[in-house]
$ cat model25.cif   # mmCIF, C-alpha atoms and all ligand atoms
data_start
#
loop_
_atom_site.group_PDB
_atom_site.id
_atom_site.type_symbol
_atom_site.label_atom_id
_atom_site.label_comp_id
_atom_site.auth_asym_id
_atom_site.auth_seq_id
_atom_site.Cartn_x
_atom_site.Cartn_y
_atom_site.Cartn_z
ATOM 1 C CA MET Z 1 140.766 -173.895 72.033
ATOM 2 C CA ILE Z 2 139.574 -170.602 73.431
ATOM 3 C CA SER Z 3 137.717 -170.552 76.758
ATOM 4 C CA HIS Z 4 134.765 -168.224 77.418
ATOM 5 C CA LEU Z 5 136.531 -167.106 80.575
ATOM 6 C CA LEU Z 6 139.568 -165.653 78.820
ATOM 7 C CA THR Z 7 139.941 -161.896 78.364
ATOM 8 C CA PRO Z 8 140.405 -160.135 74.987
ATOM 9 C CA LYS Z 9 143.822 -159.001 76.253
ATOM 10 C CA THR Z 10 145.010 -162.602 76.723
ATOM 11 C CA ILE Z 11 143.518 -163.725 73.404
ATOM 12 C CA THR Z 12 145.081 -160.896 71.372
ATOM 13 C CA GLN Z 13 148.448 -161.371 73.084
ATOM 14 C CA TYR Z 14 148.352 -164.928 71.816
ATOM 15 C CA ASP Z 15 147.215 -163.949 68.296
ATOM 16 C CA ARG Z 16 147.396 -160.291 67.228
ATOM 17 C CA ASN Z 17 145.112 -160.887 64.230
ATOM 18 C CA ILE Z 18 142.107 -161.452 66.493
ATOM 19 C CA VAL Z 19 142.172 -157.660 67.079
ATOM 20 C CA HIS Z 20 140.555 -157.325 63.635
ATOM 21 C CA LEU Z 21 137.745 -159.675 64.594
ATOM 22 C CA PHE Z 22 137.151 -157.988 67.961
ATOM 23 C CA SER Z 23 137.070 -154.544 66.392
ATOM 24 C CA ARG Z 24 133.970 -155.410 64.312
ATOM 25 C CA PHE Z 25 132.138 -156.418 67.497
ATOM 26 C CA ASN Z 26 133.355 -153.228 69.241
ATOM 27 C CA ILE Z 27 135.388 -155.281 71.710
ATOM 28 C CA GLY Z 28 138.537 -153.538 72.976
ATOM 29 C CA PRO Z 29 141.558 -155.786 72.282
ATOM 30 C CA ASP Z 30 143.164 -154.843 75.628
ATOM 31 C CA SER Z 31 140.066 -155.323 77.724
ATOM 32 C CA THR Z 32 140.643 -157.374 80.877
ATOM 33 C CA GLN Z 33 136.977 -158.248 81.279
ATOM 34 C CA LYS Z 34 136.069 -161.876 80.654
ATOM 35 C CA LEU Z 35 134.721 -162.675 77.203
ATOM 36 C CA ASN Z 36 131.490 -164.185 78.579
ATOM 37 C CA GLU Z 37 130.765 -160.994 80.541
ATOM 38 C CA ILE Z 38 131.375 -158.744 77.512
ATOM 39 C CA CYS Z 39 129.203 -160.909 75.268
ATOM 40 C CA GLU Z 40 126.377 -161.040 77.777
ATOM 41 C CA LYS Z 41 126.432 -157.251 78.198
ATOM 42 C CA ASP Z 42 126.609 -156.529 74.437
ATOM 43 C CA GLU Z 43 124.267 -159.372 73.384
ATOM 44 C CA ILE Z 44 126.885 -161.096 71.239
ATOM 45 C CA ASN Z 45 126.533 -164.840 70.641
ATOM 46 C CA ILE Z 46 129.647 -166.024 72.487
ATOM 47 C CA ASN Z 47 129.713 -169.495 70.918
ATOM 48 C CA LEU Z 48 129.762 -167.979 67.444
ATOM 49 C CA LEU Z 49 132.469 -165.499 68.446
ATOM 50 C CA VAL Z 50 134.650 -168.255 69.920
ATOM 51 C CA ASP Z 51 134.174 -170.418 66.821
ATOM 52 C CA LEU Z 52 135.220 -167.442 64.693
ATOM 53 C CA ILE Z 53 138.281 -166.794 66.888
ATOM 54 C CA ASN Z 54 139.341 -170.417 66.438
ATOM 55 C CA CYS Z 55 138.963 -170.167 62.644
ATOM 56 C CA TYR Z 56 140.864 -166.873 62.450
ATOM 57 C CA ASN Z 57 143.564 -168.464 64.507
ATOM 58 C CA ASP Z 58 143.674 -171.642 62.463
ATOM 59 C CA LEU Z 59 141.988 -171.737 59.061
ATOM 60 C CA SER Z 60 141.719 -175.530 59.142
ATOM 61 C CA CYS Z 61 139.017 -175.198 61.893
ATOM 62 C CA LEU Z 62 136.689 -173.842 59.219
ATOM 63 C CA GLU Z 63 135.794 -177.314 57.930
ATOM 64 C CA LYS Z 64 135.216 -178.771 61.389
ATOM 65 C CA THR Z 65 133.093 -175.955 62.800
ATOM 66 C CA LYS Z 66 129.321 -176.386 62.728
ATOM 67 C CA PHE Z 67 128.319 -172.852 61.798
ATOM 68 C CA GLU Z 68 124.968 -174.232 60.642
ATOM 69 C CA ASP Z 69 123.987 -174.450 64.333
ATOM 70 C CA TYR Z 70 123.749 -170.641 64.437
ATOM 71 C CA SER Z 71 120.631 -168.685 63.563
ATOM 72 C CA ILE Z 72 120.238 -166.752 60.316
ATOM 73 C CA ILE Z 73 120.158 -163.530 62.344
ATOM 74 C CA ASP Z 74 123.438 -164.254 64.203
ATOM 75 C CA LEU Z 75 125.194 -165.208 60.965
ATOM 76 C CA ILE Z 76 124.010 -162.057 59.198
ATOM 77 C CA ASP Z 77 125.086 -159.954 62.158
ATOM 78 C CA TYR Z 78 128.659 -161.224 61.749
ATOM 79 C CA LEU Z 79 128.555 -160.824 57.943
ATOM 80 C CA GLU Z 80 127.194 -157.259 58.083
ATOM 81 C CA ARG Z 81 129.707 -156.208 60.734
ATOM 82 C CA SER Z 82 132.467 -157.658 58.569
ATOM 83 C CA HIS Z 83 131.346 -155.750 55.465
ATOM 84 C CA LEU Z 84 131.433 -152.523 57.424
ATOM 85 C CA TYR Z 85 134.854 -153.340 58.814
ATOM 86 C CA TYR Z 86 136.238 -154.151 55.334
ATOM 87 C CA LEU Z 87 134.822 -150.943 53.853
ATOM 88 C CA GLU Z 88 135.759 -148.599 56.660
ATOM 89 C CA LYS Z 89 139.052 -150.083 57.861
ATOM 90 C CA LYS Z 90 140.579 -152.886 55.854
ATOM 91 C CA ILE Z 91 140.300 -151.442 52.331
ATOM 92 C CA PRO Z 92 141.413 -147.896 53.350
ATOM 93 C CA GLU Z 93 144.445 -149.419 55.149
ATOM 94 C CA ILE Z 94 145.475 -151.315 52.013
ATOM 95 C CA GLU Z 95 144.969 -148.164 49.925
ATOM 96 C CA GLN Z 96 147.238 -146.246 52.296
ATOM 97 C CA SER Z 97 150.030 -148.772 51.776
ATOM 98 C CA LEU Z 98 149.607 -148.569 48.021
ATOM 99 C CA LEU Z 99 149.715 -144.783 48.195
ATOM 100 C CA LYS Z 100 152.982 -144.916 50.141
ATOM 101 C CA LEU Z 101 154.329 -147.510 47.738
ATOM 102 C CA GLY Z 102 153.529 -145.251 44.769
ATOM 103 C CA LEU Z 103 155.141 -142.242 46.466
ATOM 104 C CA GLN Z 104 158.255 -144.131 47.497
ATOM 105 C CA GLU Z 105 158.995 -145.824 44.197
ATOM 106 C CA SER Z 106 157.178 -144.829 41.037
ATOM 107 C CA PHE Z 107 157.964 -147.999 39.051
ATOM 108 C CA SER Z 108 155.429 -149.075 36.471
ATOM 109 C CA PHE Z 109 155.420 -152.382 38.396
ATOM 110 C CA ASN Z 110 153.797 -150.587 41.360
ATOM 111 C CA TYR Z 111 151.361 -148.859 39.064
ATOM 112 C CA ILE Z 112 150.041 -152.277 38.012
ATOM 113 C CA PHE Z 113 149.208 -153.122 41.632
ATOM 114 C CA ILE Z 114 147.560 -149.758 42.202
ATOM 115 C CA LYS Z 115 145.391 -150.293 39.108
ATOM 116 C CA PHE Z 116 144.695 -153.907 40.081
ATOM 117 C CA PHE Z 117 143.490 -152.839 43.515
ATOM 118 C CA GLU Z 118 141.300 -150.063 42.084
ATOM 119 C CA GLU Z 119 139.446 -152.629 39.961
ATOM 120 C CA TYR Z 120 139.365 -155.183 42.744
ATOM 121 C CA LYS Z 121 137.904 -152.582 45.119
ATOM 122 C CA LYS Z 122 135.199 -151.584 42.637
ATOM 123 C CA ASP Z 123 134.049 -155.217 42.321
ATOM 124 C CA ILE Z 124 134.157 -156.024 45.985
ATOM 125 C CA VAL Z 125 132.347 -152.835 47.069
ATOM 126 C CA SER Z 126 129.515 -153.555 44.645
ATOM 127 C CA HIS Z 127 129.463 -157.193 45.865
ATOM 128 C CA PHE Z 128 129.020 -156.054 49.506
ATOM 129 C CA LYS Z 129 126.404 -153.484 48.471
ATOM 130 C CA THR Z 130 124.255 -156.125 46.730
ATOM 131 C CA GLU Z 131 124.439 -158.397 49.745
ATOM 132 C CA ASP Z 132 123.659 -155.592 52.192
ATOM 133 C CA GLU Z 133 120.787 -154.226 50.131
ATOM 134 C CA VAL Z 134 119.278 -157.368 48.574
ATOM 135 C CA LEU Z 135 120.451 -160.657 50.073
ATOM 136 C CA PHE Z 136 120.553 -159.892 53.813
ATOM 137 C CA PRO Z 137 117.224 -157.990 53.944
ATOM 138 C CA PHE Z 138 115.614 -160.929 52.093
ATOM 139 C CA CYS Z 139 117.104 -163.447 54.560
ATOM 140 C CA LYS Z 140 115.800 -161.422 57.497
ATOM 141 C CA VAL Z 141 112.285 -161.266 56.032
ATOM 142 C CA LEU Z 142 112.322 -165.002 55.287
ATOM 143 C CA ASP Z 143 113.428 -165.719 58.838
ATOM 144 C CA ARG Z 144 110.649 -163.470 60.195
ATOM 145 C CA TYR Z 145 108.083 -165.113 57.919
ATOM 146 C CA ILE Z 146 109.042 -168.564 59.226
ATOM 147 C CA LYS Z 147 108.439 -167.300 62.758
ATOM 148 C CA PHE Z 148 105.353 -165.099 62.318
ATOM 149 C CA ASN Z 149 103.742 -165.943 58.943
ATOM 150 C CA SER Z 150 102.750 -162.405 58.023
ATOM 151 C CA GLN Z 151 101.017 -161.727 54.706
ATOM 152 C CA GLU Z 152 103.199 -158.702 54.013
ATOM 153 C CA ASP Z 153 106.393 -160.789 54.338
ATOM 154 C CA LEU Z 154 104.908 -163.500 52.118
ATOM 155 C CA ILE Z 155 104.341 -160.964 49.321
ATOM 156 C CA TYR Z 156 107.882 -159.634 49.700
ATOM 157 C CA ILE Z 157 109.320 -163.172 49.478
ATOM 158 C CA LEU Z 158 107.276 -164.036 46.400
ATOM 159 C CA GLU Z 159 108.321 -160.815 44.691
ATOM 160 C CA ASN Z 160 112.036 -161.151 45.446
ATOM 161 C CA LYS Z 161 112.866 -164.834 45.562
ATOM 162 C CA GLU Z 162 113.924 -165.178 41.909
ATOM 163 C CA THR Z 163 116.379 -162.267 42.257
ATOM 164 C CA VAL Z 164 117.827 -163.874 45.372
ATOM 165 C CA TYR Z 165 118.119 -167.325 43.756
ATOM 166 C CA HIS Z 166 120.020 -165.718 40.880
ATOM 167 C CA LEU Z 167 122.277 -163.790 43.237
ATOM 168 C CA MET Z 168 123.112 -166.897 45.292
ATOM 169 C CA ASN Z 169 123.902 -168.968 42.172
ATOM 170 C CA GLN Z 170 126.092 -166.166 40.846
ATOM 171 C CA HIS Z 171 127.917 -165.935 44.172
ATOM 172 C CA LYS Z 172 129.075 -169.525 43.911
ATOM 173 C CA LYS Z 173 130.393 -168.994 40.376
ATOM 174 C CA ASN Z 174 132.306 -165.828 41.291
ATOM 175 C CA ASN Z 175 133.812 -167.462 44.327
ATOM 176 C CA ASP Z 176 135.235 -170.294 42.247
ATOM 177 C CA ASP Z 177 136.910 -167.689 40.014
ATOM 178 C CA VAL Z 178 138.784 -165.840 42.777
ATOM 179 C CA ASP Z 179 139.945 -169.020 44.432
ATOM 180 C CA ASP Z 180 143.381 -169.312 42.799
ATOM 181 C CA LEU Z 181 144.532 -165.781 43.594
ATOM 182 C CA GLN Z 182 143.159 -166.165 47.093
ATOM 183 C CA LYS Z 183 145.023 -169.432 47.701
ATOM 184 C CA LEU Z 184 148.251 -167.858 46.521
ATOM 185 C CA LEU Z 185 147.893 -164.758 48.691
ATOM 186 C CA ILE Z 186 146.876 -166.684 51.810
ATOM 187 C CA LYS Z 187 150.137 -168.629 51.623
ATOM 188 C CA TYR Z 188 152.199 -165.425 51.644
ATOM 189 C CA SER Z 189 154.112 -164.720 54.823
ATOM 190 C CA PRO Z 190 156.808 -162.037 55.054
ATOM 191 C CA LYS Z 191 160.356 -163.302 55.506
ATOM 192 C CA SER Z 192 161.747 -160.579 57.784
ATOM 193 C CA ASN Z 193 160.436 -158.075 60.338
ATOM 194 C CA LYS Z 194 161.549 -155.011 58.388
ATOM 195 C CA LEU Z 195 159.019 -154.855 55.567
ATOM 196 C CA SER Z 196 158.995 -152.747 52.425
ATOM 197 C CA TYR Z 197 155.706 -151.059 51.492
ATOM 198 C CA PHE Z 198 155.212 -153.729 48.881
ATOM 199 C CA GLU Z 199 155.606 -156.506 51.444
ATOM 200 C CA ILE Z 200 153.227 -154.643 53.765
ATOM 201 C CA PHE Z 201 150.700 -154.533 50.911
ATOM 202 C CA LEU Z 202 151.094 -158.267 50.254
ATOM 203 C CA ASN Z 203 150.792 -159.040 53.939
ATOM 204 C CA GLN Z 204 147.609 -156.965 54.255
ATOM 205 C CA MET Z 205 146.154 -158.624 51.177
ATOM 206 C CA SER Z 206 147.035 -162.025 52.583
ATOM 207 C CA LEU Z 207 145.220 -161.330 55.870
ATOM 208 C CA PHE Z 208 142.292 -159.816 53.981
ATOM 209 C CA GLN Z 209 141.958 -162.908 51.777
ATOM 210 C CA LYS Z 210 142.060 -165.174 54.814
ATOM 211 C CA ASP Z 211 139.314 -163.054 56.364
ATOM 212 C CA LEU Z 212 137.273 -163.135 53.153
ATOM 213 C CA LYS Z 213 137.671 -166.883 52.874
ATOM 214 C CA ILE Z 214 136.068 -167.398 56.297
ATOM 215 C CA HIS Z 215 133.429 -164.807 55.401
ATOM 216 C CA ALA Z 216 132.546 -166.359 52.032
ATOM 217 C CA GLU Z 217 132.526 -169.872 53.451
ATOM 218 C CA ILE Z 218 129.986 -168.899 56.123
ATOM 219 C CA GLU Z 219 127.992 -166.848 53.626
ATOM 220 C CA GLU Z 220 127.863 -169.509 50.954
ATOM 221 C CA ASN Z 221 128.047 -172.875 52.662
ATOM 222 C CA VAL Z 222 126.060 -171.963 55.733
ATOM 223 C CA LEU Z 223 123.784 -168.945 55.280
ATOM 224 C CA MET Z 224 122.880 -169.587 51.631
ATOM 225 C CA GLU Z 225 122.336 -173.303 52.334
ATOM 226 C CA LYS Z 226 119.880 -172.340 55.067
ATOM 227 C CA ILE Z 227 118.116 -169.972 52.655
ATOM 228 C CA TYR Z 228 117.948 -172.614 49.886
ATOM 229 C CA ASN Z 229 116.477 -175.129 52.356
ATOM 230 C CA ASN Z 230 113.999 -172.652 53.791
ATOM 231 C CA LEU Z 231 112.913 -171.560 50.331
ATOM 232 C CA LYS Z 232 112.431 -175.171 49.305
ATOM 233 C CA ALA Z 233 110.203 -175.771 52.337
ATOM 234 C CA PHE Z 234 108.452 -172.486 51.663
ATOM 235 C CA GLU Z 235 107.713 -173.471 48.044
ATOM 236 C CA LEU Z 236 106.332 -176.864 49.072
ATOM 237 C CA LYS Z 237 104.041 -175.121 51.512
ATOM 238 C CA ASN Z 238 102.894 -172.456 49.055
ATOM 239 C CA VAL Z 239 102.337 -174.364 45.790
HETATM 240 FE FE FE Z 301 129.640 -160.782 52.134
HETATM 241 FE FE FE Z 302 129.742 -162.553 49.283
#
$ encode --input "model25.cif" --output "structure tokens"
Amino acid sequence: MISHLLTPKTITQYDRNIVHLFSRFNIGPDSTQKLNEICEKDEININLLVDLINCYNDLSCLEKTKFEDYSIIDLIDYLERSHLYYLEKKIPEIEQSLLKLGLQESFSFNYIFIKFFEEYKKDIVSHFKTEDEVLFPFCKVLDRYIKFNSQEDLIYILENKETVYHLMNQHKKNNDDVDDLQKLLIKYSPKSNKLSYFEIFLNQMSLFQKDLKIHAEIEENVLMEKIYNNLKAFELKNV
């Protein structure tokens, strides 16, 4: 388990993949400042960050971690930062590998993966866009309404809740569909240190799927559960 007194440098030396998590919180992976000091300065919820580090390090922690203890706002902060990181870093990196793969060997086999990723990217970008533009703003307004009870927020909730219910139900269905491919990719681990571009692509996809699994789990089983429960309470109060 990770202590709050460790430095990012020590943590990333132990597990290089945590660099990806730190980068979305703008934490330098080689920083020698203690994690608790960085989080206090940058107003990051350290308990959430440490729970995430443990899950990135060992996927089996996901089931044991009580992410429901975190606020809607903290959870959305992590989810929004992750979307940005996927769009600006992760997906372009995978595209670069595919580009190199296509240039190195122009087999029709590679072409299939390039086409597959193009389609995959289209779907996932529109998925993130809907969450960023519809789901997360709704969650923030609902959270604010619970705290301050403003009339303006109440109208917004009433006008948008059916759309959000539909979106959350759809999310669950889509997630069940991608599960098999995700399971397969997560299991992939390269056999040697000298990797071909194809193995680099598979390795990047594997890490991306692991990342998305944690992301979707928090989104669906924690954030959406909170929203369902809050909406239920809201409906009882407003019938
Ligand atoms: Fe998301
Ligand atoms: Fe999602």
$ closest_residue --input "model25.cif" --among "Z:Asp211, Z:Glu80, Z:Glu225, Z:Glu131" --to "Asp58 (chain Z)" --atoms "all atoms listed in the file"
Z:Asp211
$ residues_near_ligand --input "model25.cif" --ligand "ligand FE 302 (chain Z)" --cutoff "10 Å" --atoms "only C-alpha atoms and all ligand atoms" --output "list in words"
Leu79, His83, Ile124, His127, Phe128, Lys129, Thr130, Glu131, Asp132, Leu135, Leu167, Met168, Gln170, His171, Lys172, Asn174, Asn175, Leu212, Lys213, His215, Ala216, Glu217, Ile218, Glu219 and Glu220 of chain Z
$ closest_residue --input "model25.cif" --among "Z:Ala233, Z:Ile73, Z:Leu185, Z:Ile94" --to "Lys210 (chain Z)" --atoms "all atoms listed in the file"
Z:Leu185
$ resolve_selection --input "model25.cif" --expression "the PyMOL selection byres (((chain Z and resi 146) around 12) and not hetatm)" --output "ChimeraX atom specification"
/Z:72,139-145,147-151,153-154,157,227,230-231,233-234,237
$ closest_residue --input "model25.cif" --among "Z:Tyr14, Z:Tyr228, Z:Tyr111, Z:Tyr85" --to "ligand FE 301 (chain Z)" --atoms "all atoms listed in the file"
Z:Tyr85
$ residues_near_point --input "model25.cif" --point "(127.9, -158.3, 75.1)" --cutoff "12 Å" --atoms "only C-alpha atoms" --output "PDB file with C-alpha atoms, in the frame of the given file"
ATOM      1  CA  PHE Z  22     137.151-157.988  67.961  1.00  0.00           C
ATOM      2  CA  PHE Z  25     132.138-156.418  67.497  1.00  0.00           C
ATOM      3  CA  ASN Z  26     133.355-153.228  69.241  1.00  0.00           C
ATOM      4  CA  ILE Z  27     135.388-155.281  71.710  1.00  0.00           C
ATOM      5  CA  GLY Z  28     138.537-153.538  72.976  1.00  0.00           C
ATOM      6  CA  GLN Z  33     136.977-158.248  81.279  1.00  0.00           C
ATOM      7  CA  LYS Z  34     136.069-161.876  80.654  1.00  0.00           C
ATOM      8  CA  LEU Z  35     134.721-162.675  77.203  1.00  0.00           C
ATOM      9  CA  ASN Z  36     131.490-164.185  78.579  1.00  0.00           C
ATOM     10  CA  GLU Z  37     130.765-160.994  80.541  1.00  0.00           C
ATOM     11  CA  ILE Z  38     131.375-158.744  77.512  1.00  0.00           C
ATOM     12  CA  CYS Z  39     129.203-160.909  75.268  1.00  0.00           C
ATOM     13  CA  GLU Z  40     126.377-161.040  77.777  1.00  0.00           C
ATOM     14  CA  LYS Z  41     126.432-157.251  78.198  1.00  0.00           C
ATOM     15  CA  ASP Z  42     126.609-156.529  74.437  1.00  0.00           C
ATOM     16  CA  GLU Z  43     124.267-159.372  73.384  1.00  0.00           C
ATOM     17  CA  ILE Z  44     126.885-161.096  71.239  1.00  0.00           C
ATOM     18  CA  ASN Z  45     126.533-164.840  70.641  1.00  0.00           C
ATOM     19  CA  ILE Z  46     129.647-166.024  72.487  1.00  0.00           C
ATOM     20  CA  LEU Z  49     132.469-165.499  68.446  1.00  0.00           C
TER      21      LEU Z  49
END
$ atom_distance --input "model25.cif" --atom1 "CA of Tyr70 (chain Z)" --atom2 "CA of Leu52 (chain Z)"
11.9 Å
$ resolve_selection --input "model25.cif" --expression "the PyMOL selection byres (((chain Z and resi 61-64) around 9) and not hetatm)" --output "PyMOL selection string"
chain Z and resi 51-52+54-60+65-67+214+217-218
$ closest_residue --input "model25.cif" --among "Z:Ile155, Z:Val125, Z:Ile186, Z:Met205" --to "ligand FE 301 (chain Z)" --atoms "all atoms listed in the file"
Z:Val125
$ residues_near_point --input "model25.cif" --point "(151.3, -146.3, 44.5)" --cutoff "9 Å" --atoms "all atoms listed in the file" --output "list in words"
Glu95, Gln96, Ser97, Leu98, Leu99, Lys100, Leu101, Gly102, Leu103, Gln104, Glu105, Ser106, Phe107, Asn110, Tyr111, Ile112, Phe113, Ile114 and Lys115 of chain Z
$ atom_distance --input "model25.cif" --atom1 "CA of Ile2 (chain Z)" --atom2 "CA of Val50 (chain Z)"
6.5 Å
$ closest_residue --input "model25.cif" --among "Z:Tyr165, Z:Phe136, Z:Phe117, Z:Phe208" --to "ligand FE 301 (chain Z)" --atoms "only C-alpha atoms and all ligand atoms"
Z:Phe136
$ closest_residue --input "model25.cif" --among "Z:Val134, Z:Leu236, Z:Leu184, Z:Ile53" --to "ligand FE 301 (chain Z)" --atoms "all atoms listed in the file"
Z:Val134
$ atom_distance --input "model25.cif" --atom1 "CA of Asn221 (chain Z)" --atom2 "CA of Leu158 (chain Z)"
23.4 Å
$ resolve_selection --input "model25.cif" --expression "the PyMOL selection byres (((chain Z and resi 203) around 12) and not hetatm)" --output "list in words"
Asn17, Glu93, Ile94, Ser97, Leu184, Leu185, Ile186, Lys187, Tyr188, Ser189, Pro190, Lys191, Ser192, Asn193, Leu195, Ser196, Tyr197, Phe198, Glu199, Ile200, Phe201, Leu202, Gln204, Met205, Ser206, Leu207, Phe208, Gln209 and Lys210 of chain Z
